[in-house]
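S.K.: So here's data_24.txt, just compact mmCIF, C-alpha atoms:
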```
# COMPACT_ATOMS: atom_id res chain seq x y z
CA MET B 1 -61.45 20.72 90.93
CA ALA B 2 -62.14 23.47 88.38
CA ARG B 3 -61.33 26.11 91.03
CA GLU B 4 -58.00 24.36 91.77
CA LEU B 5 -57.08 24.51 88.10
CA HIS B 6 -58.23 28.06 87.39
CA LYS B 7 -56.81 30.20 90.17
CA LEU B 8 -55.92 33.23 88.05
CA THR B 9 -58.05 35.75 86.22
CA ALA B 10 -57.25 37.88 83.19
CA VAL B 11 -57.26 40.97 85.44
CA LYS B 12 -54.87 39.32 87.87
CA VAL B 13 -52.49 38.43 85.06
CA LYS B 14 -52.43 42.06 83.97
CA THR B 15 -52.14 43.71 87.41
CA ALA B 16 -50.08 41.19 89.37
CA GLU B 17 -46.91 42.40 91.04
CA PRO B 18 -43.57 40.78 90.11
CA GLY B 19 -43.47 37.21 91.33
CA LYS B 20 -44.67 33.66 90.60
CA TYR B 21 -48.38 32.79 90.54
CA SER B 22 -49.93 29.33 90.15
CA ASP B 23 -53.02 28.78 88.01
CA GLY B 24 -53.14 25.14 89.07
CA GLY B 25 -52.26 21.90 87.33
CA GLY B 26 -48.61 22.95 86.98
CA LEU B 27 -49.34 26.17 85.03
CA TRP B 28 -47.46 29.16 86.43
CA LEU B 29 -47.24 32.84 85.67
CA PHE B 30 -43.79 34.38 86.18
CA LYS B 31 -44.34 38.15 86.36
CA ARG B 32 -41.40 40.53 85.83
CA PRO B 33 -40.79 43.97 87.32
CA ASP B 34 -41.23 45.61 83.92
CA GLY B 35 -44.83 44.39 83.79
CA GLY B 36 -44.16 41.58 81.32
CA GLY B 37 -44.51 37.94 82.15
CA GLN B 38 -44.01 34.37 81.01
CA TRP B 39 -46.16 31.27 81.13
CA ILE B 40 -44.39 28.18 82.51
CA LEU B 41 -45.73 24.64 82.70
CA ARG B 42 -44.19 22.37 85.30
CA THR B 43 -44.48 18.64 84.68
CA VAL B 44 -42.92 15.49 86.06
CA VAL B 45 -41.91 12.66 83.74
CA HIS B 46 -40.33 9.50 85.14
CA GLY B 47 -39.61 11.27 88.40
CA ARG B 48 -37.87 14.26 86.79
CA ARG B 49 -39.35 17.77 86.84
CA HIS B 50 -39.39 19.82 83.65
CA GLU B 51 -40.25 23.49 83.16
CA MET B 52 -41.68 24.24 79.74
CA GLY B 53 -42.14 27.79 78.44
CA LEU B 54 -45.54 28.44 76.85
CA GLY B 55 -44.93 32.00 75.67
CA SER B 56 -45.17 35.54 77.02
CA ILE B 57 -48.36 37.08 78.40
CA SER B 58 -48.25 39.64 75.58
CA ASP B 59 -48.54 36.86 72.99
CA VAL B 60 -50.48 34.16 74.85
CA SER B 61 -53.66 34.90 76.76
CA LEU B 62 -54.67 33.14 79.94
CA ALA B 63 -57.20 31.01 78.06
CA GLU B 64 -54.61 30.04 75.47
CA ALA B 65 -52.05 29.23 78.16
CA ARG B 66 -54.56 26.89 79.85
CA LYS B 67 -55.27 25.20 76.50
CA HIS B 68 -51.56 24.64 75.86
CA ALA B 69 -51.07 23.41 79.42
CA THR B 70 -53.86 20.84 79.01
CA LYS B 71 -52.27 19.55 75.81
CA TRP B 72 -48.76 19.17 77.17
CA ARG B 73 -49.91 17.78 80.54
CA ALA B 74 -51.53 14.92 78.62
CA VAL B 75 -48.24 14.29 76.81
CA ALA B 76 -46.36 14.22 80.14
CA LEU B 77 -48.92 11.83 81.64
CA SER B 78 -48.23 9.45 78.74
CA GLY B 79 -44.60 9.28 79.86
CA VAL B 80 -43.17 11.52 77.09
CA ASN B 81 -41.07 14.58 77.79
CA PRO B 82 -43.29 17.41 76.46
CA ILE B 83 -40.32 19.68 75.70
CA ARG B 84 -38.70 17.07 73.49
CA GLU B 85 -42.02 16.19 71.88
CA ARG B 86 -42.66 19.82 71.02
CA GLU B 87 -39.20 20.07 69.46
CA ARG B 88 -39.85 16.89 67.48
CA GLN B 89 -43.13 18.27 66.18
CA ARG B 90 -41.46 21.55 65.28
CA ARG B 91 -38.79 19.77 63.25
CA GLU B 92 -41.44 17.66 61.53
CA ALA B 93 -43.47 20.75 60.68
CA GLU B 94 -40.41 22.50 59.26
CA LYS B 95 -39.64 19.45 57.15
CA GLN B 96 -43.12 19.58 55.71
CA LEU B 97 -42.91 23.33 55.03
CA HIS B 98 -40.16 23.21 52.40
CA LEU B 99 -41.47 25.54 49.72
CA LEU B 100 -41.51 24.39 46.11
CA LYS B 101 -39.41 27.35 44.95
CA ASP B 102 -36.60 26.39 47.34
CA VAL B 103 -36.70 22.68 46.47
CA ALA B 104 -36.78 23.52 42.75
CA GLN B 105 -33.69 25.69 43.09
CA ASP B 106 -31.93 22.94 45.05
CA ALA B 107 -32.85 20.39 42.39
CA PHE B 108 -31.47 22.70 39.68
CA GLU B 109 -28.20 23.18 41.57
CA ALA B 110 -27.85 19.40 41.92
CA ARG B 111 -28.22 18.93 38.15
CA LYS B 112 -26.02 21.74 36.89
CA ALA B 113 -23.07 19.43 36.31
CA ASP B 114 -25.16 17.43 33.82
CA LEU B 115 -26.45 20.45 31.93
CA LYS B 116 -24.80 22.14 29.00
CA GLY B 117 -22.89 25.19 30.25
CA ASP B 118 -23.95 24.35 33.82
CA GLY B 119 -27.47 25.43 32.88
CA ALA B 120 -26.39 29.05 32.44
CA ALA B 121 -28.73 29.54 29.48
CA GLY B 122 -31.68 28.85 31.77
CA ARG B 123 -33.42 26.41 29.42
CA TRP B 124 -33.78 23.76 32.13
CA PHE B 125 -35.15 26.05 34.82
CA SER B 126 -37.16 28.53 32.75
CA PRO B 127 -40.28 26.31 32.25
CA LEU B 128 -40.57 26.11 36.05
CA ALA B 129 -39.74 29.77 36.62
CA LEU B 130 -42.24 31.00 34.04
CA HIS B 131 -45.16 28.61 34.36
CA VAL B 132 -45.07 26.79 37.73
CA LEU B 133 -43.34 28.81 40.43
CA PRO B 134 -45.44 31.99 40.05
CA LYS B 135 -48.47 29.98 41.23
CA LEU B 136 -47.00 27.18 43.33
CA GLY B 137 -43.59 28.50 44.35
CA LYS B 138 -44.66 29.47 47.88
CA THR B 139 -46.58 26.25 48.47
CA PRO B 140 -45.00 23.59 50.73
CA VAL B 141 -43.90 20.86 48.35
CA ALA B 142 -45.54 18.19 50.53
CA GLU B 143 -48.94 19.84 50.00
CA ILE B 144 -48.83 19.87 46.20
CA ASP B 145 -51.19 17.40 44.55
CA GLN B 146 -52.34 16.61 41.03
CA VAL B 147 -55.18 19.13 41.15
CA ASP B 148 -52.75 21.95 41.99
CA ILE B 149 -50.53 20.93 39.08
CA ARG B 150 -53.45 20.55 36.69
CA ASP B 151 -54.84 23.98 37.56
CA THR B 152 -51.39 25.55 37.16
CA LEU B 153 -50.64 24.10 33.72
CA LYS B 154 -54.16 24.02 32.28
CA PRO B 155 -53.99 27.59 30.85
CA ILE B 156 -51.03 26.65 28.62
CA TRP B 157 -51.68 22.93 28.11
CA ASP B 158 -53.22 23.40 24.67
CA ALA B 159 -51.81 26.78 23.66
CA LYS B 160 -48.22 25.90 24.58
CA GLY B 161 -48.27 22.14 24.75
CA GLU B 162 -44.55 21.56 24.30
CA THR B 163 -43.65 24.16 26.93
CA ALA B 164 -46.24 22.76 29.33
CA GLY B 165 -44.80 19.28 28.84
CA LYS B 166 -41.33 20.54 29.72
CA ALA B 167 -42.68 22.27 32.81
CA LEU B 168 -44.40 19.07 33.92
CA ASN B 169 -41.22 17.08 33.31
CA ARG B 170 -39.11 19.50 35.35
CA LEU B 171 -41.67 19.50 38.15
CA SER B 172 -41.59 15.70 38.26
CA ILE B 173 -37.80 15.86 38.70
CA VAL B 174 -38.23 18.39 41.51
CA MET B 175 -40.75 16.14 43.26
CA ARG B 176 -38.32 13.23 43.08
CA HIS B 177 -35.62 15.49 44.47
CA ALA B 178 -37.93 16.42 47.34
CA ALA B 179 -38.49 12.74 48.10
CA ALA B 180 -34.73 12.20 48.15
CA LEU B 181 -34.52 14.98 50.75
CA GLY B 182 -36.86 12.96 52.94
CA LEU B 183 -39.96 15.06 52.32
CA ASP B 184 -43.36 13.42 52.23
CA VAL B 185 -44.41 14.14 48.65
CA ASP B 186 -46.70 12.40 46.18
CA LEU B 187 -44.34 11.04 43.52
CA GLN B 188 -47.31 10.21 41.29
CA ALA B 189 -48.76 13.74 41.38
CA CYS B 190 -47.34 14.76 37.99
CA ASP B 191 -48.53 11.57 36.28
CA LYS B 192 -51.97 12.02 37.80
CA ALA B 193 -52.03 15.66 36.67
CA LYS B 194 -51.15 14.60 33.14
CA ALA B 195 -54.06 12.14 33.19
CA LEU B 196 -56.38 14.92 34.35
CA LEU B 197 -55.12 17.32 31.69
CA GLY B 198 -55.53 14.83 28.87
CA ARG B 199 -53.81 14.94 25.54
CA THR B 200 -52.62 18.33 24.37
CA ARG B 201 -54.30 19.62 21.21
CA GLN B 202 -51.32 21.62 20.07
CA GLU B 203 -49.46 20.33 17.08
CA ARG B 204 -45.72 20.57 17.48
CA ALA B 205 -44.56 23.47 15.35
CA HIS B 206 -41.57 22.86 13.13
CA ILE B 207 -39.04 25.60 12.52
CA PRO B 208 -39.80 27.10 9.09
CA ALA B 209 -37.22 25.94 6.56
CA MET B 210 -36.36 27.14 3.07
CA VAL B 211 -36.85 24.63 0.26
CA TRP B 212 -33.43 23.57 -0.97
CA GLN B 213 -34.10 24.84 -4.48
CA ASP B 214 -34.41 28.41 -3.12
CA VAL B 215 -31.23 28.36 -1.04
CA PRO B 216 -28.85 29.53 -3.85
CA ALA B 217 -30.76 32.79 -4.36
CA PHE B 218 -30.73 33.57 -0.65
CA TYR B 219 -27.06 32.63 -0.36
CA ALA B 220 -26.20 35.00 -3.19
CA SER B 221 -27.94 37.85 -1.35
CA LEU B 222 -25.53 37.49 1.58
CA SER B 223 -22.85 39.51 -0.14
CA ASP B 224 -21.82 42.45 2.03
CA GLY B 225 -19.07 40.63 4.00
CA SER B 226 -20.57 41.53 7.39
CA VAL B 227 -20.38 39.18 10.37
CA THR B 228 -24.08 38.36 10.01
CA HIS B 229 -23.84 37.59 6.29
CA LEU B 230 -20.72 35.47 6.68
CA ALA B 231 -22.13 33.58 9.65
CA LEU B 232 -25.30 32.74 7.73
CA ARG B 233 -23.25 31.65 4.72
CA LEU B 234 -21.15 29.26 6.79
CA LEU B 235 -24.26 28.03 8.63
CA ILE B 236 -25.81 27.09 5.30
CA LEU B 237 -22.63 25.49 3.94
CA THR B 238 -21.88 23.33 7.00
CA GLY B 239 -25.38 22.38 8.18
CA VAL B 240 -24.36 22.78 11.83
CA ARG B 241 -26.47 24.24 14.61
CA SER B 242 -26.24 27.91 15.45
CA ALA B 243 -24.42 27.66 18.79
CA PRO B 244 -21.21 25.88 17.69
CA LEU B 245 -21.01 28.14 14.62
CA ARG B 246 -21.39 31.33 16.64
CA PHE B 247 -18.65 30.18 19.03
CA MET B 248 -16.39 28.91 16.24
CA ARG B 249 -12.69 29.51 16.93
CA LEU B 250 -9.72 29.56 14.58
CA ASP B 251 -7.89 26.98 16.71
CA GLN B 252 -10.72 24.48 16.02
CA ILE B 253 -9.83 24.39 12.31
CA GLU B 254 -7.08 22.18 10.95
CA GLY B 255 -6.76 22.01 7.19
CA ASP B 256 -10.22 21.44 5.77
CA VAL B 257 -11.68 19.98 8.98
CA TRP B 258 -13.43 21.92 11.73
CA THR B 259 -13.62 19.99 15.02
CA ILE B 260 -16.46 21.07 17.26
CA PRO B 261 -15.72 20.28 20.94
CA GLY B 262 -18.06 17.80 22.59
CA GLU B 263 -19.33 20.33 25.13
CA ALA B 264 -20.42 22.62 22.29
CA MET B 265 -22.59 19.95 20.70
CA LYS B 266 -26.27 19.56 21.48
CA GLY B 267 -26.79 17.22 24.44
CA ARG B 268 -25.96 16.94 28.10
CA LYS B 269 -22.61 18.15 29.28
CA GLY B 270 -19.93 15.49 29.04
CA GLN B 271 -22.23 13.14 27.09
CA THR B 272 -21.33 14.08 23.51
CA GLU B 273 -18.10 13.42 21.60
CA ALA B 274 -16.37 16.01 19.46
CA PHE B 275 -17.76 16.29 15.93
CA ARG B 276 -15.66 16.74 12.79
CA VAL B 277 -17.08 18.92 10.03
CA PRO B 278 -15.54 18.65 6.53
CA LEU B 279 -15.16 22.14 5.07
CA SER B 280 -15.86 22.65 1.40
CA THR B 281 -13.75 24.97 -0.74
CA GLU B 282 -16.51 27.59 -0.46
CA ALA B 283 -16.67 27.19 3.33
CA LEU B 284 -12.90 27.73 3.59
CA ALA B 285 -13.25 30.87 1.49
CA VAL B 286 -15.95 32.20 3.85
CA ILE B 287 -13.73 31.47 6.84
CA GLU B 288 -10.83 33.27 5.18
CA GLU B 289 -13.03 36.32 4.66
CA ALA B 290 -14.31 36.15 8.25
CA LYS B 291 -10.79 36.26 9.67
CA ARG B 292 -10.75 40.05 9.37
CA HIS B 293 -13.57 40.16 11.95
CA GLU B 294 -11.82 37.76 14.35
CA ARG B 295 -11.64 38.88 17.96
CA GLY B 296 -10.32 36.84 20.86
CA GLY B 297 -10.02 33.83 18.58
CA PHE B 298 -13.72 33.91 17.67
CA LEU B 299 -14.61 34.28 13.99
CA PHE B 300 -18.04 35.81 14.53
CA PRO B 301 -17.83 38.38 17.36
CA SER B 302 -20.68 40.66 18.32
CA VAL B 303 -20.44 44.42 18.02
CA ARG B 304 -19.77 44.96 21.73
CA LYS B 305 -18.52 41.79 23.41
CA GLY B 306 -18.81 38.06 23.10
CA VAL B 307 -20.06 36.46 19.92
CA ILE B 308 -22.94 37.08 17.53
CA SER B 309 -26.28 35.95 18.94
CA ASP B 310 -28.71 33.52 17.39
CA ALA B 311 -31.33 36.29 17.52
CA THR B 312 -29.15 38.49 15.31
CA MET B 313 -29.33 36.02 12.43
CA SER B 314 -33.02 35.33 13.00
CA ARG B 315 -33.90 39.01 13.05
CA PHE B 316 -31.95 39.58 9.86
CA MET B 317 -34.17 37.06 8.08
CA GLU B 318 -37.27 38.43 9.80
CA ARG B 319 -36.50 41.97 8.63
CA LYS B 320 -36.32 40.65 5.08
CA GLY B 321 -39.92 39.48 5.50
CA MET B 322 -38.94 35.81 5.59
CA ALA B 323 -40.80 33.17 7.60
CA GLU B 324 -37.78 30.84 7.54
CA ARG B 325 -35.21 30.84 10.34
CA PRO B 326 -31.47 29.95 10.49
CA HIS B 327 -32.01 26.54 12.07
CA GLY B 328 -34.22 25.62 9.13
CA PHE B 329 -31.22 25.37 6.81
CA ARG B 330 -30.43 22.03 8.45
CA THR B 331 -33.76 20.85 7.08
CA SER B 332 -32.90 22.31 3.68
CA LEU B 333 -29.66 20.32 3.64
CA ARG B 334 -31.29 17.12 4.87
CA THR B 335 -34.05 17.35 2.27
CA TRP B 336 -31.49 17.96 -0.50
CA LEU B 337 -29.57 14.89 0.67
CA ALA B 338 -32.77 12.83 0.46
CA GLU B 339 -34.06 14.17 -2.85
CA ALA B 340 -30.93 15.00 -4.84
CA THR B 341 -28.49 12.29 -3.71
CA ASP B 342 -28.54 8.60 -3.03
CA ALA B 343 -26.41 8.97 0.08
CA PRO B 344 -26.96 6.13 2.58
CA HIS B 345 -29.17 7.05 5.49
CA GLU B 346 -26.35 6.83 8.03
CA VAL B 347 -24.11 9.17 6.03
CA ALA B 348 -26.91 11.68 5.43
CA GLU B 349 -27.75 11.72 9.12
CA ALA B 350 -24.07 12.09 10.03
CA CYS B 351 -23.94 15.27 7.96
CA LEU B 352 -26.23 16.81 10.58
CA ALA B 353 -24.54 15.08 13.56
CA HIS B 354 -27.63 12.97 14.12
CA VAL B 355 -27.13 9.68 15.95
CA THR B 356 -28.50 6.59 14.24
CA GLY B 357 -28.63 2.96 15.25
CA THR B 358 -28.69 1.39 18.68
CA LYS B 359 -26.19 1.79 21.49
CA VAL B 360 -24.80 -1.63 20.65
CA THR B 361 -24.24 -0.93 16.94
CA ASN B 362 -22.79 2.48 17.68
CA ALA B 363 -20.38 0.97 20.21
CA TYR B 364 -18.84 -1.14 17.43
CA ARG B 365 -19.06 1.50 14.72
CA ARG B 366 -15.78 3.42 14.55
CA THR B 367 -16.41 5.82 11.66
CA ASP B 368 -17.96 9.22 11.25
CA TRP B 369 -17.99 8.83 7.43
CA ILE B 370 -16.00 12.03 7.03
CA GLU B 371 -14.70 11.11 3.57
CA GLN B 372 -18.19 10.42 2.26
CA ARG B 373 -19.45 13.58 3.95
CA ARG B 374 -16.62 15.61 2.42
CA ILE B 375 -17.87 14.68 -1.05
CA LEU B 376 -21.48 15.50 -0.16
CA MET B 377 -20.68 18.85 1.43
CA GLU B 378 -18.57 19.88 -1.57
CA ARG B 379 -21.54 19.07 -3.84
CA TRP B 380 -23.90 20.90 -1.46
CA ALA B 381 -21.64 23.96 -1.69
CA GLY B 382 -21.80 23.63 -5.47
CA HIS B 383 -25.58 23.70 -5.35
CA VAL B 384 -25.68 26.57 -2.88
CA THR B 385 -23.38 28.73 -5.00
CA GLY B 386 -25.22 27.84 -8.19
CA LYS B 387 -22.22 26.09 -9.73
CA SER B 388 -23.62 22.58 -9.80
CA GLY B 389 -27.01 20.97 -9.90
CA ASN B 390 -25.73 17.47 -10.43
CA VAL B 391 -27.34 14.62 -8.59
CA VAL B 392 -24.81 12.95 -6.31
CA LYS B 393 -24.32 9.21 -6.66
CA MET B 394 -22.63 7.35 -3.87
CA VAL B 395 -21.85 3.75 -3.04
CA ALA B 396 -23.18 2.41 0.24
CA ALA B 397 -20.85 3.08 3.16
CA ASN B 398 -19.69 0.21 5.29
CA GLY B 399 -19.64 0.83 9.04
```
Taking this structure as input, can you express it in the form of structure tokens?

M.R.:
Amino acid sequence: MARELHKLTAVKVKTAEPGKYSDGGGLWLFKRPDGGGQWILRTVVHGRRHEMGLGSISDVSLAEARKHATKWRAVALSGVNPIRERERQRREAEKQLHLLKDVAQDAFEARKADLKGDGAAGRWFSPLALHVLPKLGKTPVAEIDQVDIRDTLKPIWDAKGETAGKALNRLSIVMRHAAALGLDVDLQACDKAKALLGRTRQERAHIPAMVWQDVPAFYASLSDGSVTHLALRLLILTGVRSAPLRFMRLDQIEGDVWTIPGEAMKGRKGQTEAFRVPLSTEALAVIEEAKRHERGGFLFPSVRKGVISDATMSRFMERKGMAERPHGFRTSLRTWLAEATDAPHEVAEACLAHVTGTKVTNAYRRTDWIEQRRILMERWAGHVTGKSGNVVKMVAANG
């Protein structure tokens, strides 16, 4: 029986003239005139003959061809078409070989519509790109387990706890996306990895802020009328975040109210309403002075193109030897509201565009307290410019 199955030799395969040669058991060698050849397995399934290619003689040796033939003969004997079964296995293998880097990119593309600026700033994807994909990007997503994730994030888990947490969160989203694609992934892998990593030891660092009593002296130093000085002045006076201020346009101002478009506010795209900012007399004066720098409708353009960057303001303060940063002036304002006024909590929080209350209470609340905020911001401007140190007294606001 063995002789009937093994009719060929390695030498014969190499030296055979063009033609067809049987090795037995349905395995054939088809030799070509150019010296090359192909392995063919002939099987019969449900009365129908099938010819299945097993590769060329340059890639598949005689021993390997016999091994493949044995495997696929067994499949045919079970009543399954070996050609179709091989194709099914190939598709299954490809499905399992989706690399994490490709799935992550696909997940990012699917979420762009929900991200501010379609995710152009890279804040959503960067934790993955910097801390996960360099190690796991070329790994099939179906093979990733909690140990892989733990080992990847462990080096930054304590040193950069907040960043590591974001990376883990993004990876969890990618794993869910992979599952939605029909890939066999462990949806609990990220939770298991977090359990293995334990609690991060890093304390969340707050952005350094200037005490409100020191703000007037700093404000007075911003006196040269440059874009940077004026932008910092208006940032201090309004208490807004850097991004909407840097992209402030003249057509957003009507009277003494600046309306920031919803898409420019912090939050997911399309999820935030426009925000009205009452402008104090001092703020209007700063805007009037900034008009001479206006370009393309923007009040605070950069030297070359676009608008001033957040880094420009931060570096200005850094060069002055200051630990505080521009965003910290929001804390200065909020602390002044708490310590130097008796403004109701909701009004004080509204000054910084913070959301308070539950979804239900906010659904029925139809005010942004702009009149109360107008009074507070005028008094804040008085403090900032050194014209008034009076404590502000207010009556409770009714929602």

S.K.: What's the 10 Å shell around Ser280 (chain B), counting only C-alpha atoms, without same-chain residues fewer than 6 positions away, as JSON, numbers by chain?

M.R.: {"B": [237, 238, 256, 257, 286, 374, 375, 376, 377, 378, 379, 380, 381, 382]}

S.K.: Would you please work out which residue, of B:Leu183, B:Met313, B:Ala209, B:Val75, is nearest to Leu222 (chain B) when using only C-alpha atoms?

M.R.: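 Ranked by minimum distance to Leu222 (chain B), first place goes to B:Met313.
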
S.K.: Need the shell around region 8-16 of chain B: protein/DNA/RNA residues with any atom at most 10 Å away, counting all atoms listed in the file. Skip same-chain ones fewer than 5 positions apart. Format as an MDAnalysis selection string?

M.R.: chainID B and resid 3 21:24 28:33 35:37 57:58 61:63

S.K.: Which of these residues is nearest to Glu162 (chain B), using all atoms listed in the file: B:Arg304, B:Arg199, B:Lys135, B:Arg90?

M.R.: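 Between B:Arg304, B:Arg199, B:Lys135, B:Arg90, the residue approaching Glu162 (chain B) most closely is B:Arg199.
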
S.K.: At what distance in Å, to one decimal, does CA of Gly19 (chain B) lie from CA of His50 (chain B)?

M.R.: 19.4 Å

S.K.: Smallest atom-to-atom distance to Val103 (chain B): which of B:Ile40, B:Val185, B:Leu115, B:Ala243, using all atoms listed in the file?

M.R.: B:Val185

S.K.: Atoms are missing here; could region 237-263 of chain B be completed with N, CA and C atoms and written as a compact mmCIF listing (two decimals), keeping the file's coordinate frame?

M.R.:
```txt
# COMPACT_ATOMS: atom_id res chain seq x y z
N LEU B 237 -23.60 26.39 4.58
CA LEU B 237 -22.63 25.49 3.94
C LEU B 237 -22.30 24.26 4.79
N THR B 238 -22.31 24.42 6.12
CA THR B 238 -21.88 23.33 7.00
C THR B 238 -23.04 22.51 7.56
N GLY B 239 -24.24 23.10 7.63
CA GLY B 239 -25.38 22.38 8.18
C GLY B 239 -25.33 22.17 9.68
N VAL B 240 -24.47 22.94 10.38
CA VAL B 240 -24.36 22.78 11.83
C VAL B 240 -25.43 23.62 12.53
N ARG B 241 -25.56 23.41 13.83
CA ARG B 241 -26.47 24.24 14.61
C ARG B 241 -25.84 25.60 14.86
N SER B 242 -26.68 26.53 15.27
CA SER B 242 -26.24 27.91 15.45
C SER B 242 -25.16 28.07 16.52
N ALA B 243 -25.32 27.42 17.66
CA ALA B 243 -24.42 27.66 18.79
C ALA B 243 -22.96 27.35 18.47
N PRO B 244 -22.63 26.14 17.98
CA PRO B 244 -21.21 25.88 17.69
C PRO B 244 -20.65 26.80 16.62
N LEU B 245 -21.50 27.23 15.65
CA LEU B 245 -21.01 28.14 14.62
C LEU B 245 -20.71 29.51 15.22
N ARG B 246 -21.59 30.00 16.06
CA ARG B 246 -21.39 31.33 16.64
C ARG B 246 -20.14 31.37 17.52
N PHE B 247 -19.83 30.25 18.15
CA PHE B 247 -18.65 30.18 19.03
C PHE B 247 -17.45 29.53 18.33
N MET B 248 -17.47 29.51 17.02
CA MET B 248 -16.39 28.91 16.24
C MET B 248 -15.08 29.68 16.47
N ARG B 249 -14.01 28.92 16.69
CA ARG B 249 -12.69 29.51 16.93
C ARG B 249 -11.71 29.05 15.85
N LEU B 250 -10.73 29.90 15.58
CA LEU B 250 -9.72 29.56 14.58
C LEU B 250 -8.94 28.31 14.96
N ASP B 251 -8.70 28.14 16.29
CA ASP B 251 -7.89 26.98 16.71
C ASP B 251 -8.66 25.66 16.62
N GLN B 252 -9.95 25.71 16.22
CA GLN B 252 -10.72 24.48 16.02
C GLN B 252 -10.59 23.95 14.58
N ILE B 253 -9.94 24.74 13.73
CA ILE B 253 -9.83 24.39 12.31
C ILE B 253 -8.42 23.88 12.00
N GLU B 254 -8.36 22.73 11.38
CA GLU B 254 -7.08 22.18 10.95
C GLU B 254 -7.25 21.67 9.51
N GLY B 255 -6.58 22.36 8.59
CA GLY B 255 -6.76 22.01 7.19
C GLY B 255 -8.18 22.29 6.74
N ASP B 256 -8.84 21.26 6.20
CA ASP B 256 -10.22 21.44 5.77
C ASP B 256 -11.20 20.74 6.72
N VAL B 257 -10.81 20.60 7.98
CA VAL B 257 -11.68 19.98 8.98
C VAL B 257 -11.85 20.91 10.18
N TRP B 258 -13.08 21.14 10.54
CA TRP B 258 -13.43 21.92 11.73
C TRP B 258 -13.91 20.92 12.80
N THR B 259 -13.24 20.91 13.94
CA THR B 259 -13.62 19.99 15.02
C THR B 259 -14.36 20.76 16.09
N ILE B 260 -15.63 20.43 16.25
CA ILE B 260 -16.46 21.07 17.26
C ILE B 260 -16.28 20.31 18.57
N PRO B 261 -15.89 20.98 19.67
CA PRO B 261 -15.72 20.28 20.94
C PRO B 261 -17.01 19.63 21.41
N GLY B 262 -16.88 18.53 22.13
CA GLY B 262 -18.06 17.80 22.59
C GLY B 262 -19.01 18.64 23.41
N GLU B 263 -18.44 19.52 24.27
CA GLU B 263 -19.33 20.33 25.13
C GLU B 263 -20.11 21.37 24.35
```
